[in-house]
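Q: My questions will all concern the structure given below.
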Amino acid sequence: MIDWVYMAEIALSGLGSAALLAMTGVAFVLIYKATRVVNLAIGETLMLGAYLFFGFTSGMELPVWLAIPLVLLCGGLFGAVIERVMIRPMLGSSALSVFMVTIGLGSILVGAVELIWGLEPHRLVSFISEKPVFLGPAYVSPKTAVAFAVSVAMIAVFLAVFRFWSGSLALRATATDPGAAYSCGISVPKVYSLSWVVACMIATGAGILVGAIGGLSSSMGVFGLTVLSVVIMGGLDSILGVLLAALVVGLVEAYAGALLGGEYKMISTFTLLMAMLLVRPHGLLGSAEIDRL
Amino acid sequence: MTTPTSLSAPVAGASSPAASRRRFWIIVSVLAFVIAPFVVSNYWMYWICLIAINVVSATGLNILSGYTGLASLGQAAFMGVGAYSVALLEQHLGLPFYLNLLLAGLAAALVGLVVGIPSLRVKGLYLAIATIAASIILEFIFANWESVTHGVKGLNVPPAQLFGIVLDQPAKQYWVIVPVAVLMVAMAANLFRTKVGRAFIAIRDRDISAEVLGIPLLRYKLTSFALSSFYAGLAGGLWAYFFRVVTPESFPIVMSIFFLAAVIVGGMGSIAGGILGAVFMTLVPELLRLAFTLLTPWIPDAMSIIPAVRSIVFGVLIIGFLLFEPQGLIEVLPRLRRMLRRPASRS
């Protein structure tokens with residue numbers, strides 16, 4: 001006899017993590033679309049956001065409503081500096097080199113966090129009400145509910161801006177052909193800079209939510225690997241694909257974790273990723289690249 | 001350690017000065033190799049063996065990244081495949097160790113093929129991402145396939161035996177590890193004089209042109225990845241005989257980043273560069289440890305922050321070299337020599 005309420009509860013918690021995966025995935029795709037950089041440091045950026053929030057609230061004892069904008073501000077600043085100092089000088093070198101720069105960046109961030117906040121895991125101050133949320137008979141952890149609501153709102157705003165704001169046209173033009181965009185008077189450096197700023201803000205914001213649910217540790221960046229597989233499964237340059245893949249991965253991880261055991265979460269994602277590479281290497285909705293001489 | 005500078009030197013006539021210099025260095029290297037165990041302490045023997053193991057793995061990664069233009073973040077996991085193969089072969093079959101090493105390399109190459117076939121069909125960084133997935137899946141298998149790998153407890157490896165001598169000390173293991181490393185490096189150096197090696201370089205420089213020239217991309221990319229995995233597996237086998245215990249935590253992704261850093265820092269696409277990088281990167285943690293021992297009087301918990309500092313140093317080295325010296329240390333050394341020589345000649 002299957003306990004349907006329990007199954008629904010797992011699905012709901014899966015939806016929560018799917019929303020977080022989708023939000024971080026959107027940040028990843030934004031950077032990839034604008035600058036063609038596969039940013040492996042996205043998970044570490046997320047970790048940085050969580051630790052900054054921890055530092056502001058527990059270390060400096062700032063109120064939560066002040067700490068959140070501060071973290072987003074720092075995230076944006078971080079993105080701007082990284083883009084200017086590490087990514088732009090690499091323009092024109094191979095995708096492989098830039099990819100490895102982001103690996104180096106991830107390594108530095110892990111080291112810096114361990115140096116400042118130590119190796120032991122931390123817990124964030126509880127800033128989300130502990131009152132359980134019920135959807136019919138099914139229980140949802142309030143943190144998951146808040147994370148889901150925030151992520152969905154965030155993604156909706158992002159999609160709206162992406163669709164209707166004229167500046168996003170500049171981004172799409174840059175994504176299609178930076179050279180042509182540049183000669184049309186679009187400030188390509190500005191687009192590059194902005195995409196990193198926004199993406200890092202989203203990632204640090206997601207970090208607060210991920211940290212609130214799962215706690216803080218210097219291995220939090222592993223979440224970035226799950227995001228990476230979500231993005232690959234969705235198709236590197238398709239936001240819709242990423243949302244779909246996030247849904248699939250979130251649910252699969254939740255069921256694998258609940259029915260098989262926590263250690264099966266990662267393995268199920270990556271098995272799915274390998275299967276996807278075998279069947280449809282460009283992802284669900286990604287566009288196959290065509291080479292021209 | 002023997003330096004294989006002689007191997008990458010161009011073939012020259014027997015009587016030319018280059019050839020005689022080459023002969024001189026070969027003789028010096030062989031002498032150094034034979035004398036070293038008798039004059040060097042056990043502590044340094046340990047480091048020489050570890051460097052030799054890392055040189056094998058880094059050279060393998062160099063074939064893939066430096067010469068074929070593909071990235072792998074699974075080098076450590078493939079070493080794990082090699083190490084577990086050796087441990088299991090020792091326990092169940094008891095073949096001579098050199099056969100075990102060969103089989104360890106082949107096992108890793110086979111796993112490499114499985115990972116490479118789906119991800120190498122498409123252009124871009126898919127191989128790098130597939131190798132991350134493979135690392136996590138392999139680590140899971142090492143940790144959870146209890147009946148074979150004994151889970152987190154890991155496996156013990158009996159010492160290798162050569163002519164009835166039990167190789168249980170670095171000073172004895174040296175006689176196997178270093179020659180194997182030299183052999184593997186020599187093979188890699190010679191690879192790039194063959195059709196296959198030249199094809200790798202053509203793919204790295206411009207894959208479409210390579211395809212137009214009649215090089216089947218998928219087959220050669222797979223060959224390169226399988227070769228690089230073979231090197232990793234063999235290095236992992238040596239690793240198993242060296243440390244004699246294999247656990248799932250022995251080969252984390254950080255270690256793969258370490259090898260990537262070694263290749264970048266030393267010089268991508270240069271055999272000597274890969275060696276230099278492996279030597280340098282292996283010694284960095286030890287140098288850090290020495291530096292922090294000196295700092296202990298001032299910073300009370302200096303030793304405990306070493307892992308964090310090491311991550312930062314690895315990251316800074318990767319980014320710094322990619323940004324400012326993409327050719328790696330191998331390009332810095334001649335420049336340093338010129339800089340040192342110039343003031344001397346002026347005076």
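Residues are named by chain letter and number: chains run A, B, ... in the order of the structure tokens, numbers start at 1 in each chain, and ligands are numbered from 1 in the order shown.
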Counting only C-alpha atoms, what are the residues of chain B within 9 Å of chain A, and for each of them which pair of atoms is the nearest and at what distance in Å, to one decimal? Sort the table by chain and rising number, as CSV.

A:
```
residue,atom,partner,partner_atom,distance
B:Ser65,CA,A:Leu96,CA,8.8
B:Gly69,CA,A:Leu96,CA,7.6
B:Leu70,CA,A:Leu96,CA,7.3
B:Ala71,CA,A:Leu96,CA,6.9
B:Val115,CA,A:Met274,CA,8.0
B:Ile117,CA,A:Leu278,CA,8.0
B:Pro118,CA,A:Leu278,CA,4.6
B:Ser119,CA,A:Leu277,CA,6.1
B:Arg121,CA,A:Pro281,CA,8.0
B:Val122,CA,A:Pro281,CA,6.8
B:Lys123,CA,A:Glu289,CA,8.2
B:Gly124,CA,A:Ala95,CA,7.8
B:Leu125,CA,A:Leu96,CA,7.1
B:Tyr126,CA,A:Leu277,CA,8.3
B:Ile129,CA,A:Ser229,CA,7.9
B:Ala130,CA,A:Met274,CA,6.7
B:Ile132,CA,A:Leu225,CA,8.1
B:Ala133,CA,A:Phe270,CA,5.2
B:Ala134,CA,A:Phe270,CA,7.8
B:Ile136,CA,A:Ile267,CA,6.9
B:Ile137,CA,A:Ile267,CA,5.8
B:Phe140,CA,A:Ile267,CA,7.1
B:Ile208,CA,A:Leu293,CA,7.3
B:Ser209,CA,A:Leu293,CA,8.3
B:Val254,CA,A:Ser107,CA,8.5
B:Ile257,CA,A:Ile103,CA,7.7
B:Leu260,CA,A:Met100,CA,8.3
B:Ala261,CA,A:Gly104,CA,8.4
B:Ile305,CA,A:Leu115,CA,6.4
B:Ile306,CA,A:Leu115,CA,9.0
B:Pro307,CA,A:Gly111,CA,7.5
B:Ala308,CA,A:Gly111,CA,4.2
B:Val309,CA,A:Gly111,CA,6.0
B:Arg310,CA,A:Gly111,CA,7.3
B:Ser311,CA,A:Gly111,CA,4.9
B:Ile312,CA,A:Ile108,CA,4.2
B:Val313,CA,A:Ile108,CA,7.4
B:Phe314,CA,A:Ser107,CA,7.0
B:Gly315,CA,A:Gly104,CA,3.9
B:Val316,CA,A:Gly104,CA,6.6
B:Leu317,CA,A:Gly104,CA,7.9
B:Ile318,CA,A:Gly104,CA,5.5
B:Ile319,CA,A:Val101,CA,5.2
B:Gly320,CA,A:Val101,CA,8.8
B:Leu322,CA,A:Ser97,CA,6.8
B:Leu323,CA,A:Met90,CA,6.8
B:Pro326,CA,A:Ser97,CA,8.8
```

Q: Excluding stretch 220-224 of chain B and its own-chain neighbours fewer than 5 positions away, which residues fall within 9 Å of it when counting only C-alpha atoms? Please give them as a PyMOL selection string.

A: chain B and resi 63-64+67-68+70+112-113+116-117+120+196-197+199-200+203+215+229

Q: Could you pull out the residues in stretch 166-264 of chain B that DSSP calls strand (DSSP E or B) from the backbone, as a list in words?

A: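 Result set for stretch 166-264 of chain B (strand (DSSP E or B)): Val166, Leu167, Val245 and Val246 of chain B.
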
Q: Would you save the residues of that selection, restricted to C-alpha atoms, as a PDB file, in the first residue's frame?

A:
```pdb
ATOM      1  CA  VAL B 166      59.556  -7.029  -0.995  1.00  0.00           C
ATOM      2  CA  LEU B 167      59.099  -3.404  -2.037  1.00  0.00           C
ATOM      3  CA  VAL B 245      45.806   1.209   1.252  1.00  0.00           C
ATOM      4  CA  VAL B 246      43.020   2.399  -1.049  1.00  0.00           C
TER       5      VAL B 246
END
```

Q: May I have the residues within 7 Å of stretch 54-58 of chain B as a ChimeraX atom specification, using only C-alpha atoms and disregarding those fewer than 4 positions away in the same chain?

A: /B:50,62,181,184-185,231-232,235,259,262-263,274-275,278

Q: Filtering to N, CA and C atoms, could you give me those residues as a compact mmCIF listing (two decimals), in the first residue's frame?

A:
```
# COMPACT_ATOMS: atom_id res chain seq x y z
N LEU B 50 56.55 9.98 -4.90
CA LEU B 50 55.25 10.61 -5.07
C LEU B 50 55.26 11.52 -6.31
N ASN B 62 48.16 15.81 -19.70
CA ASN B 62 48.75 16.72 -20.69
C ASN B 62 48.47 16.24 -22.11
N ALA B 181 57.86 5.57 -14.49
CA ALA B 181 57.52 6.96 -14.82
C ALA B 181 58.33 7.42 -16.03
N MET B 184 56.97 5.86 -19.16
CA MET B 184 55.69 6.44 -19.59
C MET B 184 55.91 7.82 -20.22
N VAL B 185 56.80 8.61 -19.61
CA VAL B 185 57.08 9.94 -20.15
C VAL B 185 57.73 9.82 -21.52
N TYR B 231 47.12 6.36 -18.55
CA TYR B 231 48.18 6.94 -17.71
C TYR B 231 47.69 7.12 -16.28
N ALA B 232 46.45 7.63 -16.15
CA ALA B 232 45.90 7.84 -14.81
C ALA B 232 45.78 6.51 -14.07
N ALA B 235 49.13 5.28 -13.03
CA ALA B 235 49.61 6.08 -11.89
C ALA B 235 48.86 5.66 -10.63
N PHE B 259 45.75 18.04 -10.64
CA PHE B 259 46.47 17.64 -11.86
C PHE B 259 46.28 18.66 -12.98
N ALA B 262 48.57 21.33 -12.24
CA ALA B 262 49.96 20.95 -12.54
C ALA B 262 50.25 21.16 -14.02
N VAL B 263 49.31 20.73 -14.88
CA VAL B 263 49.53 20.85 -16.32
C VAL B 263 49.55 22.33 -16.73
N GLY B 274 54.77 19.54 -18.36
CA GLY B 274 53.94 18.72 -17.49
C GLY B 274 54.73 18.15 -16.32
N ILE B 275 55.96 17.72 -16.62
CA ILE B 275 56.81 17.17 -15.56
C ILE B 275 57.13 18.25 -14.53
N ALA B 278 54.15 18.97 -12.41
CA ALA B 278 53.87 17.94 -11.42
C ALA B 278 54.85 18.04 -10.26
```

Q: Could you work out how far atom CA of B:Arg204 lies from atom CA of B:Gly66, giving the answer in Å with one decimal?

A: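 Value for the atom CA of B:Gly66-atom CA of B:Arg204 distance: 8.2 Å.
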
Q: Using only C-alpha atoms, which protein or nucleic acid residues come within 12 Å of stretch 34-40 of chain B? Drop anything in the same chain fewer than 2 positions from it, and give the result as a list of chain:residue names.

A: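 Residues near the query, excluding close chain neighbours: B:Met1, B:Thr2, B:Ile27, B:Val28, B:Ser29, B:Val30, B:Leu31, B:Ala32, B:Asn42, B:Tyr43, B:Trp44, B:Met45, B:Tyr46, B:Trp47, B:Ile48, B:Cys49, B:Gln169, B:Pro170, B:Ala171, B:Lys172, B:Gln173, B:Tyr174, B:Trp175, B:Val178, B:Pro179.
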
Q: Can you list, as a PyMOL selection string, every residue of stretch 203-256 of chain A that DSSP puts in helix (DSSP H, G or I)?

A: chain A and resi 203-214+222-234+239-256

Q: Taking into account only C-alpha atoms, which residue in the set B:Leu340, B:Ala272, B:Leu191, B:Ile253 is nearest to B:Gly74?

A: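 Of all the options, B:Ile253 lies closest to B:Gly74.
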
Q: What's the separation between atom CA of B:Gln161 and atom CA of B:Tyr241, in Å to one decimal place?

A: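 For atom CA of B:Gln161 relative to atom CA of B:Tyr241, the distance reads 10.0 Å.
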
Q: Between A:Val125, A:Met7, A:Ile239, A:Ile208, which is the closest to A:Ala156 once you count only C-alpha atoms?

A: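 Checking each of A:Val125, A:Met7, A:Ile239, A:Ile208 against A:Ala156, counting only C-alpha atoms, the winner is A:Ile239.
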
Q: Considering only C-alpha atoms, return as number ranges by chain whatever protein or nucleic-acid residues lie within 7 Å of A:Phe53, sequence-local ones (same chain, fewer than 4 positions apart) excluded.

A: A: 49, 57, 67-68, 71, 208

Q: Take the selection from the previous step and output its residues with C-alpha atoms, as a tab-separated table (two decimals), in the first residue's frame.

A:
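Result file is again15.tsv:
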```tsv
chain	number	residue	atom	x	y	z
A	49	GLY	CA	26.32	34.25	-0.51
A	57	THR	CA	23.65	38.11	10.78
A	67	ALA	CA	21.60	41.56	5.66
A	68	ILE	CA	19.74	40.27	2.59
A	71	VAL	CA	24.51	40.09	0.55
A	208	ILE	CA	20.90	32.33	1.44
```

Q: Any idea what's packed within 12 Å of B:Leu106, counting only C-alpha atoms, ignoring anything in its chain fewer than 6 positions away? Could you give it as a PyMOL selection string?

A: chain B and resi 78-79+81-83+85-86+99-100+112-113+226-237

Q: Just to be explicit: take each residue in the selection above, keep N, CA and C atoms, and write the result as a compact mmCIF listing (two decimals), in the first residue's frame.

A:
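Saved the output as selection27.txt:
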```
# COMPACT_ATOMS: atom_id res chain seq x y z
N PHE B 78 39.98 8.29 -12.20
CA PHE B 78 40.55 7.22 -13.02
C PHE B 78 41.77 6.61 -12.33
N MET B 79 42.52 7.45 -11.58
CA MET B 79 43.57 6.88 -10.75
C MET B 79 42.96 5.92 -9.74
N VAL B 81 40.28 4.15 -10.16
CA VAL B 81 39.97 2.89 -10.86
C VAL B 81 41.22 2.02 -10.92
N GLY B 82 42.36 2.65 -11.26
CA GLY B 82 43.62 1.90 -11.33
C GLY B 82 44.00 1.33 -9.98
N ALA B 83 43.88 2.16 -8.94
CA ALA B 83 44.30 1.72 -7.61
C ALA B 83 43.42 0.58 -7.12
N SER B 85 41.77 -1.47 -9.03
CA SER B 85 42.07 -2.65 -9.85
C SER B 85 43.26 -3.39 -9.28
N VAL B 86 44.32 -2.65 -8.96
CA VAL B 86 45.52 -3.28 -8.41
C VAL B 86 45.19 -3.99 -7.10
N LEU B 99 52.12 -6.86 -14.42
CA LEU B 99 50.88 -7.19 -15.12
C LEU B 99 49.70 -6.47 -14.49
N ASN B 100 49.70 -6.41 -13.16
CA ASN B 100 48.63 -5.70 -12.46
C ASN B 100 48.59 -4.23 -12.88
N GLY B 112 37.30 5.06 -19.23
CA GLY B 112 37.41 6.30 -19.99
C GLY B 112 36.60 6.23 -21.28
N LEU B 113 36.67 5.08 -21.96
CA LEU B 113 35.90 4.93 -23.21
C LEU B 113 34.41 5.06 -22.94
N ALA B 226 41.30 7.86 -23.87
CA ALA B 226 41.62 6.53 -23.35
C ALA B 226 43.08 6.47 -22.92
N LEU B 227 43.97 7.08 -23.73
CA LEU B 227 45.40 7.12 -23.38
C LEU B 227 45.60 7.85 -22.06
N SER B 228 44.95 9.00 -21.96
CA SER B 228 45.12 9.80 -20.75
C SER B 228 44.59 9.03 -19.53
N SER B 229 43.48 8.30 -19.72
CA SER B 229 42.95 7.49 -18.63
C SER B 229 43.87 6.33 -18.31
N PHE B 230 44.51 5.77 -19.36
CA PHE B 230 45.46 4.69 -19.14
C PHE B 230 46.60 5.17 -18.23
N TYR B 231 47.12 6.36 -18.55
CA TYR B 231 48.18 6.94 -17.71
C TYR B 231 47.69 7.12 -16.28
N ALA B 232 46.45 7.63 -16.15
CA ALA B 232 45.90 7.84 -14.81
C ALA B 232 45.78 6.51 -14.07
N GLY B 233 45.27 5.49 -14.78
CA GLY B 233 45.08 4.19 -14.14
C GLY B 233 46.40 3.59 -13.70
N LEU B 234 47.42 3.72 -14.56
CA LEU B 234 48.72 3.20 -14.20
C LEU B 234 49.30 3.96 -13.00
N ALA B 235 49.13 5.28 -13.03
CA ALA B 235 49.61 6.08 -11.89
C ALA B 235 48.86 5.66 -10.63
N GLY B 236 47.56 5.39 -10.78
CA GLY B 236 46.78 4.94 -9.62
C GLY B 236 47.29 3.61 -9.11
N GLY B 237 47.67 2.72 -10.04
CA GLY B 237 48.23 1.43 -9.63
C GLY B 237 49.52 1.61 -8.84
```

Q: Interatomic distance between atom CA of A:Val157 and atom CA of A:Arg123?

A: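 Going from atom CA of A:Val157 over to atom CA of A:Arg123 covers 29.4 Å.
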
Q: Name the residues in contact with B:Leu329 at a cut-off of 6 Å, using only C-alpha atoms, excluding same-chain residues fewer than 6 positions from it; report them as a list in words.

A: Val265, Gly266 and Gly267 of chain B

Q: Restricted to C-alpha atoms, what would the selected residues look like written as a compact mmCIF listing (two decimals), in the first residue's frame?

A:
```txt
# COMPACT_ATOMS: atom_id res chain seq x y z
CA VAL B 265 51.36 25.72 -14.22
CA GLY B 266 54.01 23.58 -15.88
CA GLY B 267 53.02 24.26 -19.45
```
